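Asker: First, the structure itself, so that you have it in front of you.
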Protein chains: 2
Amino acid sequence: MSDLENITLKLEARGYRITPSRRAVIAAALARTGHFTADDLVNRCRGAGRATVFRTIRLLTELGVVCRVLFEDGSMRYLVSQRGHHHHVVCTGCGHVEDLDQCAIKDALRELSDATGYEVEGHWLELYGRCAECRARVPAEAGAR
Amino acid sequence: MSDLENITLKLEARGYRITPSRRAVIAAALARTGHFTADDLVNRCRGAGRATVFRTIRLLTELGVVCRVLFEDGSMRYLVSQRGHHHHVVCTGCGHVEDLDQCAIKDALRELSDATGYEVEGHWLELYGRCAECRARVPAEAGAR
DNA sequence: GCAGCGTTTGATATCGTGTCTCACCTGAGA
DNA sequence: TCTCAGGTGAGACACGATATCAAACGCTGC
């Protein structure tokens, strides 16, 4: 089953209609191999309006099909990633975004809960670094930063 | 030495001039006990212009006097906090922001570096939960969320 | 005191991202 | 068919932030 069908089924299961506009937005999102901005999709879905693209993105975010990635410069982008709670490593060299298999900081969070008296219910974690390829290309300025 | 003097000295040390506008913005930021938006400061510094407030905030961010806090709804706010790298717990009840004493996920990051092949250079972590006070007030809806 | 010159300022325009509004359209079920 | 809730597109609006630019400021050397 293709990703597109997979996602439309999810939408239908929640009682949303599968319209041509929505299909177009989903297809455009799936066609992006990496991250994208909402405006990227607006430009690629000439048929669908701005509002529809934003609505569909929000829908997909709720569905867990698309997740938001915060970049180091503060900009927000999207990424197709059909998995539950997870985090990303963003390569500061090439901009590539890698999913992390699992939430690696569960233990740390438990400790923090105990230490602060807060009941930690959620968190946001983004990692920034350089992927193996970028490091090979520009062999790390000794101790820079 | 007051915080204001402390900060102006830091600015001077970097070669920035201490102007009345900058003093006003810094004073307004220090007067906020919790987090604030740039617009808060614009309203409180009637003398200083919008652009100047934004410029000064960015300056203070570079100086490590002010840090940015990402809220769960995606909005960005600022917080006076004269410490190095650290993180925050944001109370989803009252909005209070607590600094965490140290970066609690150093070990986890090292593991992630090894696992992904990325050289992790930076990260962004925000925690969301409910502070002891809020939990006392509204005694946790059993297993909600 | 004053000219020269780089820095800083404030007003305003512009941008980027996202939401809201509203008249119109669509398609699933009766 | 018909009905009508849900969906759509165009465009206005909101909001946070940056860019531009002429004018003012304030060091510095004379």
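Residue names in the structure tokens use chain letters A, B, ... in the order shown, residue numbers from 1 in each chain, and ligand numbers from 1 in the order shown.
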For chain A, list the residues within 9 Å of chain D, counting only C-alpha atoms (C1' of nucleotides), and write the list as a VMD selection string.
Answerer: chain A and resid 16 to 17 19 21 48 to 52
Asker: For C-alpha atoms, I'd like the residues from the last selection saved as an mmCIF file, in the first residue's frame.
Answerer:
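Just written: out_18.cif:
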data_model
loop_
_atom_site.group_PDB
_atom_site.id
_atom_site.type_symbol
_atom_site.label_atom_id
_atom_site.label_comp_id
_atom_site.auth_asym_id
_atom_site.auth_seq_id
_atom_site.Cartn_x
_atom_site.Cartn_y
_atom_site.Cartn_z
ATOM 1 C CA TYR A 16 -12.477 13.331 7.244
ATOM 2 C CA ARG A 17 -13.337 13.470 3.578
ATOM 3 C CA THR A 19 -10.902 15.599 -1.431
ATOM 4 C CA SER A 21 -7.158 19.288 -2.646
ATOM 5 C CA ALA A 48 -5.195 24.186 -3.535
ATOM 6 C CA GLY A 49 -5.447 27.500 -1.724
ATOM 7 C CA ARG A 50 -3.187 28.766 1.010
ATOM 8 C CA ALA A 51 -5.720 28.163 3.732
ATOM 9 C CA THR A 52 -6.370 24.629 2.554
#
Asker: Extract the full set of helix (DSSP H, G or I) residues from chain B according to DSSP on the backbone, and format it as a PyMOL selection string.
Answerer: chain B and resi 3-13+20-31+38-44+50-63+106-116+132-137
Asker: Those same residues, written as a PDB file, in the first residue's frame with C-alpha atoms?
Answerer:
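Writing the result to selection21.pdb gives the following:
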ATOM      1  CA  ASP B   3      21.884  43.710  37.342  1.00  0.00           C
ATOM      2  CA  LEU B   4      21.460  46.734  35.133  1.00  0.00           C
ATOM      3  CA  GLU B   5      25.012  47.941  35.753  1.00  0.00           C
ATOM      4  CA  ASN B   6      26.265  44.414  35.382  1.00  0.00           C
ATOM      5  CA  ILE B   7      24.711  44.096  31.955  1.00  0.00           C
ATOM      6  CA  THR B   8      25.767  47.529  30.749  1.00  0.00           C
ATOM      7  CA  LEU B   9      29.329  46.673  31.733  1.00  0.00           C
ATOM      8  CA  LYS B  10      29.094  43.505  29.668  1.00  0.00           C
ATOM      9  CA  LEU B  11      27.874  45.544  26.724  1.00  0.00           C
ATOM     10  CA  GLU B  12      30.633  48.099  27.111  1.00  0.00           C
ATOM     11  CA  ALA B  13      33.201  45.341  27.361  1.00  0.00           C
ATOM     12  CA  PRO B  20      19.353  55.705  27.020  1.00  0.00           C
ATOM     13  CA  SER B  21      17.232  53.511  24.733  1.00  0.00           C
ATOM     14  CA  ARG B  22      19.279  50.432  25.516  1.00  0.00           C
ATOM     15  CA  ARG B  23      19.179  51.164  29.229  1.00  0.00           C
ATOM     16  CA  ALA B  24      15.407  51.504  29.003  1.00  0.00           C
ATOM     17  CA  VAL B  25      15.000  48.185  27.226  1.00  0.00           C
ATOM     18  CA  ILE B  26      17.315  46.387  29.625  1.00  0.00           C
ATOM     19  CA  ALA B  27      15.564  47.919  32.632  1.00  0.00           C
ATOM     20  CA  ALA B  28      12.180  46.911  31.255  1.00  0.00           C
ATOM     21  CA  ALA B  29      13.393  43.367  30.686  1.00  0.00           C
ATOM     22  CA  LEU B  30      14.823  43.168  34.207  1.00  0.00           C
ATOM     23  CA  ALA B  31      11.562  44.503  35.622  1.00  0.00           C
ATOM     24  CA  ALA B  38       9.222  41.546  22.515  1.00  0.00           C
ATOM     25  CA  ASP B  39       5.982  43.475  22.246  1.00  0.00           C
ATOM     26  CA  ASP B  40       5.720  43.643  26.043  1.00  0.00           C
ATOM     27  CA  LEU B  41       8.965  45.572  26.033  1.00  0.00           C
ATOM     28  CA  VAL B  42       7.934  47.746  23.103  1.00  0.00           C
ATOM     29  CA  ASN B  43       4.888  48.817  25.109  1.00  0.00           C
ATOM     30  CA  ARG B  44       6.906  49.424  28.252  1.00  0.00           C
ATOM     31  CA  ARG B  50      10.212  48.819  17.896  1.00  0.00           C
ATOM     32  CA  ALA B  51      13.361  48.114  15.935  1.00  0.00           C
ATOM     33  CA  THR B  52      15.554  49.211  18.809  1.00  0.00           C
ATOM     34  CA  VAL B  53      13.767  46.903  21.222  1.00  0.00           C
ATOM     35  CA  PHE B  54      14.242  43.954  18.882  1.00  0.00           C
ATOM     36  CA  ARG B  55      17.867  44.878  18.280  1.00  0.00           C
ATOM     37  CA  THR B  56      18.540  45.157  21.985  1.00  0.00           C
ATOM     38  CA  ILE B  57      16.841  41.855  22.731  1.00  0.00           C
ATOM     39  CA  ARG B  58      18.986  40.167  20.114  1.00  0.00           C
ATOM     40  CA  LEU B  59      22.028  41.815  21.625  1.00  0.00           C
ATOM     41  CA  LEU B  60      21.093  40.552  25.060  1.00  0.00           C
ATOM     42  CA  THR B  61      20.493  37.084  23.670  1.00  0.00           C
ATOM     43  CA  GLU B  62      23.964  37.068  22.152  1.00  0.00           C
ATOM     44  CA  LEU B  63      25.336  38.228  25.470  1.00  0.00           C
ATOM     45  CA  LYS B 106      24.671  15.307  28.367  1.00  0.00           C
ATOM     46  CA  ASP B 107      25.020  11.561  28.717  1.00  0.00           C
ATOM     47  CA  ALA B 108      22.061  10.873  26.496  1.00  0.00           C
ATOM     48  CA  LEU B 109      23.540  13.196  23.862  1.00  0.00           C
ATOM     49  CA  ARG B 110      26.827  11.345  23.857  1.00  0.00           C
ATOM     50  CA  GLU B 111      25.006   8.088  23.282  1.00  0.00           C
ATOM     51  CA  LEU B 112      23.011   9.646  20.464  1.00  0.00           C
ATOM     52  CA  SER B 113      26.174  10.963  18.851  1.00  0.00           C
ATOM     53  CA  ASP B 114      27.597   7.473  18.836  1.00  0.00           C
ATOM     54  CA  ALA B 115      24.396   5.898  17.555  1.00  0.00           C
ATOM     55  CA  THR B 116      23.699   8.307  14.708  1.00  0.00           C
ATOM     56  CA  ALA B 132       3.867  21.607  42.469  1.00  0.00           C
ATOM     57  CA  GLU B 133       1.504  24.512  43.160  1.00  0.00           C
ATOM     58  CA  CYS B 134      -0.700  23.884  40.151  1.00  0.00           C
ATOM     59  CA  ARG B 135      -0.846  20.207  40.958  1.00  0.00           C
ATOM     60  CA  ALA B 136      -1.944  21.033  44.488  1.00  0.00           C
ATOM     61  CA  ARG B 137      -4.636  23.367  43.179  1.00  0.00           C
TER      62      ARG B 137
END
Asker: May I have the residues of chain B within 10 Å of chain A, counting only C-alpha atoms, written as a PyMOL selection string?
Answerer: chain B and resi 68+70-72+74+76+89-92+98-101+103-109+111-113+115-135+140+145
Asker: Create the file for the chosen residues now, containing N, CA and C atoms and written as a CSV table (one decimal), in the first residue's frame.
Answerer:
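Written output follows (result_0.csv):
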chain,number,residue,atom,x,y,z
B,68,ARG,N,15.7,32.6,25.0
B,68,ARG,CA,14.4,32.4,24.4
B,68,ARG,C,13.8,31.1,24.9
B,70,LEU,N,10.7,28.4,24.1
B,70,LEU,CA,9.6,27.9,23.2
B,70,LEU,C,8.5,27.4,24.0
B,71,PHE,N,7.3,28.0,23.8
B,71,PHE,CA,6.1,27.5,24.5
B,71,PHE,C,5.5,26.3,23.8
B,72,GLU,N,4.6,25.6,24.5
B,72,GLU,CA,4.1,24.4,23.9
B,72,GLU,C,3.2,24.7,22.7
B,74,GLY,N,3.9,26.8,20.5
B,74,GLY,CA,4.8,27.2,19.4
B,74,GLY,C,5.2,28.6,19.5
B,76,MET,N,7.2,32.0,20.9
B,76,MET,CA,8.5,32.2,21.4
B,76,MET,C,8.5,33.4,22.4
B,89,VAL,N,11.7,24.4,32.4
B,89,VAL,CA,10.5,23.7,32.5
B,89,VAL,C,9.4,24.7,32.5
B,90,VAL,N,8.4,24.6,31.6
B,90,VAL,CA,7.3,25.5,31.6
B,90,VAL,C,6.1,24.9,32.2
B,91,CYS,N,5.5,25.6,33.1
B,91,CYS,CA,4.3,25.0,33.7
B,91,CYS,C,3.1,25.3,32.8
B,92,THR,N,2.4,24.2,32.4
B,92,THR,CA,1.3,24.4,31.5
B,92,THR,C,0.1,24.9,32.2
B,98,GLU,N,10.7,27.7,34.9
B,98,GLU,CA,11.8,27.4,35.9
B,98,GLU,C,13.0,27.0,35.2
B,99,ASP,N,14.1,27.6,35.6
B,99,ASP,CA,15.4,27.2,35.0
B,99,ASP,C,15.8,25.9,35.6
B,100,LEU,N,16.5,25.1,34.8
B,100,LEU,CA,17.1,23.9,35.3
B,100,LEU,C,18.6,24.1,35.5
B,101,ASP,N,19.0,23.6,36.6
B,101,ASP,CA,20.4,23.9,37.1
B,101,ASP,C,21.4,23.6,36.0
B,103,CYS,N,22.5,21.1,32.4
B,103,CYS,CA,22.0,20.3,31.2
B,103,CYS,C,22.0,18.9,31.6
B,104,ALA,N,20.8,18.3,31.7
B,104,ALA,CA,20.6,17.0,32.3
B,104,ALA,C,20.8,15.9,31.2
B,105,ILE,N,21.0,16.2,30.0
B,105,ILE,CA,20.9,15.2,29.0
B,105,ILE,C,22.3,15.0,28.3
B,106,LYS,N,23.3,15.4,29.0
B,106,LYS,CA,24.7,15.3,28.4
B,106,LYS,C,25.0,13.9,28.0
B,107,ASP,N,24.7,13.0,29.0
B,107,ASP,CA,25.0,11.6,28.7
B,107,ASP,C,24.2,11.0,27.5
B,108,ALA,N,22.9,11.3,27.6
B,108,ALA,CA,22.1,10.9,26.5
B,108,ALA,C,22.6,11.4,25.1
B,109,LEU,N,23.1,12.6,25.1
B,109,LEU,CA,23.5,13.2,23.9
B,109,LEU,C,24.8,12.4,23.3
B,111,GLU,N,25.5,9.4,23.8
B,111,GLU,CA,25.0,8.1,23.3
B,111,GLU,C,24.4,8.3,21.9
B,112,LEU,N,23.6,9.4,21.8
B,112,LEU,CA,23.0,9.6,20.5
B,112,LEU,C,24.1,9.9,19.4
B,113,SER,N,25.1,10.7,19.8
B,113,SER,CA,26.2,11.0,18.9
B,113,SER,C,26.7,9.7,18.3
B,115,ALA,N,25.4,6.7,18.3
B,115,ALA,CA,24.4,5.9,17.6
B,115,ALA,C,24.1,6.4,16.1
B,116,THR,N,24.1,7.7,16.0
B,116,THR,CA,23.7,8.3,14.7
B,116,THR,C,24.8,8.7,13.8
B,117,GLY,N,26.0,8.8,14.3
B,117,GLY,CA,27.2,9.2,13.5
B,117,GLY,C,27.2,10.7,13.4
B,118,TYR,N,26.3,11.4,14.0
B,118,TYR,CA,26.3,12.9,14.0
B,118,TYR,C,27.2,13.4,15.1
B,119,GLU,N,27.9,14.5,14.8
B,119,GLU,CA,28.6,15.2,15.8
B,119,GLU,C,27.7,16.2,16.4
B,120,VAL,N,27.1,15.9,17.5
B,120,VAL,CA,26.1,16.8,18.0
B,120,VAL,C,26.7,18.0,18.7
B,121,GLU,N,26.4,19.2,18.1
B,121,GLU,CA,27.1,20.4,18.5
B,121,GLU,C,26.2,21.3,19.4
B,122,GLY,N,24.9,21.1,19.2
B,122,GLY,CA,24.0,21.9,20.0
B,122,GLY,C,22.6,21.2,20.2
B,123,HIS,N,21.8,21.7,21.0
B,123,HIS,CA,20.5,21.1,21.2
B,123,HIS,C,19.5,22.1,21.8
B,124,TRP,N,18.3,21.8,21.7
B,124,TRP,CA,17.2,22.7,22.2
B,124,TRP,C,16.3,21.8,22.9
B,125,LEU,N,16.1,22.0,24.2
B,125,LEU,CA,15.2,21.2,25.0
B,125,LEU,C,14.3,22.1,25.9
B,126,GLU,N,13.0,21.8,25.7
B,126,GLU,CA,12.1,22.5,26.6
B,126,GLU,C,11.2,21.4,27.2
B,127,LEU,N,10.9,21.6,28.5
B,127,LEU,CA,10.0,20.6,29.2
B,127,LEU,C,8.7,21.3,29.5
B,128,TYR,N,7.7,20.6,29.5
B,128,TYR,CA,6.4,21.1,29.8
B,128,TYR,C,5.7,20.2,30.9
B,129,GLY,N,5.2,20.8,31.9
B,129,GLY,CA,4.6,20.0,32.9
B,129,GLY,C,3.8,20.9,33.9
B,130,ARG,N,3.5,20.4,35.0
B,130,ARG,CA,2.8,21.2,36.0
B,130,ARG,C,3.5,21.3,37.3
B,131,CYS,N,3.6,22.5,37.7
B,131,CYS,CA,4.4,22.8,38.9
B,131,CYS,C,3.7,22.3,40.2
B,132,ALA,N,4.4,22.2,41.2
B,132,ALA,CA,3.9,21.6,42.5
B,132,ALA,C,2.6,22.4,42.9
B,133,GLU,N,2.7,23.7,42.8
B,133,GLU,CA,1.5,24.5,43.2
B,133,GLU,C,0.3,24.2,42.3
B,134,CYS,N,0.4,24.1,41.0
B,134,CYS,CA,-0.7,23.9,40.2
B,134,CYS,C,-1.3,22.5,40.4
B,135,ARG,N,-0.4,21.6,40.7
B,135,ARG,CA,-0.8,20.2,41.0
B,135,ARG,C,-1.7,20.2,42.2
B,140,ALA,N,-4.7,16.9,39.5
B,140,ALA,CA,-4.4,15.9,38.5
B,140,ALA,C,-5.5,15.0,38.1
B,145,ARG,N,-4.9,13.2,29.3
B,145,ARG,CA,-3.9,13.3,28.2
B,145,ARG,C,-3.5,12.0,27.6
Asker: In Å, how far is it from atom CA of His86 of chain B to atom CA of Cys67 of chain B?
Answerer: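 One can read the atom CA of His86 of chain B to atom CA of Cys67 of chain B distance as 9.4 Å.
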Asker: What does the structure give for the distance between atom CA of Val65 of chain B and atom CA of Asp73 of chain A, in Å to one decimal?
Answerer: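 Separation between atom CA of Val65 of chain B and atom CA of Asp73 of chain A: 18.3 Å.
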Asker: Got a sec to pull out which chain C residues are within 12 Å of chain B, counting only C-alpha atoms (C1' of nucleotides), and send them as a list in words?
Answerer: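 On the chain C side, the interface is DG6, DT7, DT8, DT9, DG10, DA11, DT12, DT17 and DG18 of chain C.
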Asker: Run DSSP on the backbone and tell me which residues of chain A come out as strand (DSSP E); list them as a list of chain:residue names.
Answerer: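 Across chain A, those assigned strand (DSSP E) are A:Val66, A:Cys67, A:Arg68, A:Val69, A:Leu70, A:Met76, A:Arg77, A:Tyr78, A:Leu79, A:Val80, A:His88, A:Val89, A:Val90, A:Cys91, A:Val97, A:Glu98, A:Asp99, A:Glu119, A:Val120, A:Glu121, A:Gly122, A:His123, A:Trp124, A:Leu125, A:Glu126, A:Leu127, A:Tyr128, A:Gly129, A:Arg130.
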Asker: Give me a file of those residues, with C-alpha atoms, as a compact mmCIF listing (two decimals), in the first residue's frame.
Answerer:
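Done, and the output landed in selection_29.txt:
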# COMPACT_ATOMS: atom_id res chain seq x y z
CA VAL A 66 3.75 15.16 9.64
CA CYS A 67 5.86 16.56 12.43
CA ARG A 68 7.26 20.01 13.04
CA VAL A 69 11.00 20.60 13.26
CA LEU A 70 12.48 23.64 14.94
CA MET A 76 9.79 26.02 11.86
CA ARG A 77 9.61 23.40 9.13
CA TYR A 78 7.71 20.21 8.52
CA LEU A 79 8.73 16.66 7.85
CA VAL A 80 6.75 13.59 6.80
CA HIS A 88 15.35 14.82 15.22
CA VAL A 89 18.98 15.60 14.57
CA VAL A 90 19.36 18.46 12.13
CA CYS A 91 22.61 18.67 10.20
CA VAL A 97 17.08 15.86 9.21
CA GLU A 98 17.40 12.45 10.75
CA ASP A 99 14.76 10.81 12.91
CA GLU A 119 5.18 16.64 36.76
CA VAL A 120 6.73 16.64 33.31
CA GLU A 121 4.03 15.89 30.76
CA GLY A 122 5.73 16.73 27.53
CA HIS A 123 8.94 17.96 26.05
CA TRP A 124 10.51 19.28 22.92
CA LEU A 125 13.99 18.22 21.92
CA GLU A 126 15.91 19.06 18.79
CA LEU A 127 19.55 18.22 18.22
CA TYR A 128 21.89 20.11 15.93
CA GLY A 129 25.13 18.75 14.62
CA ARG A 130 27.00 17.62 11.55
Asker: Go ahead and compute the interatomic distance for atom C1' of DT19 of chain C and atom CA of Ser75 of chain A, in Å to one decimal.
Answerer: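 Atom CA of Ser75 of chain A lies at a distance of 18.1 Å from atom C1' of DT19 of chain C.
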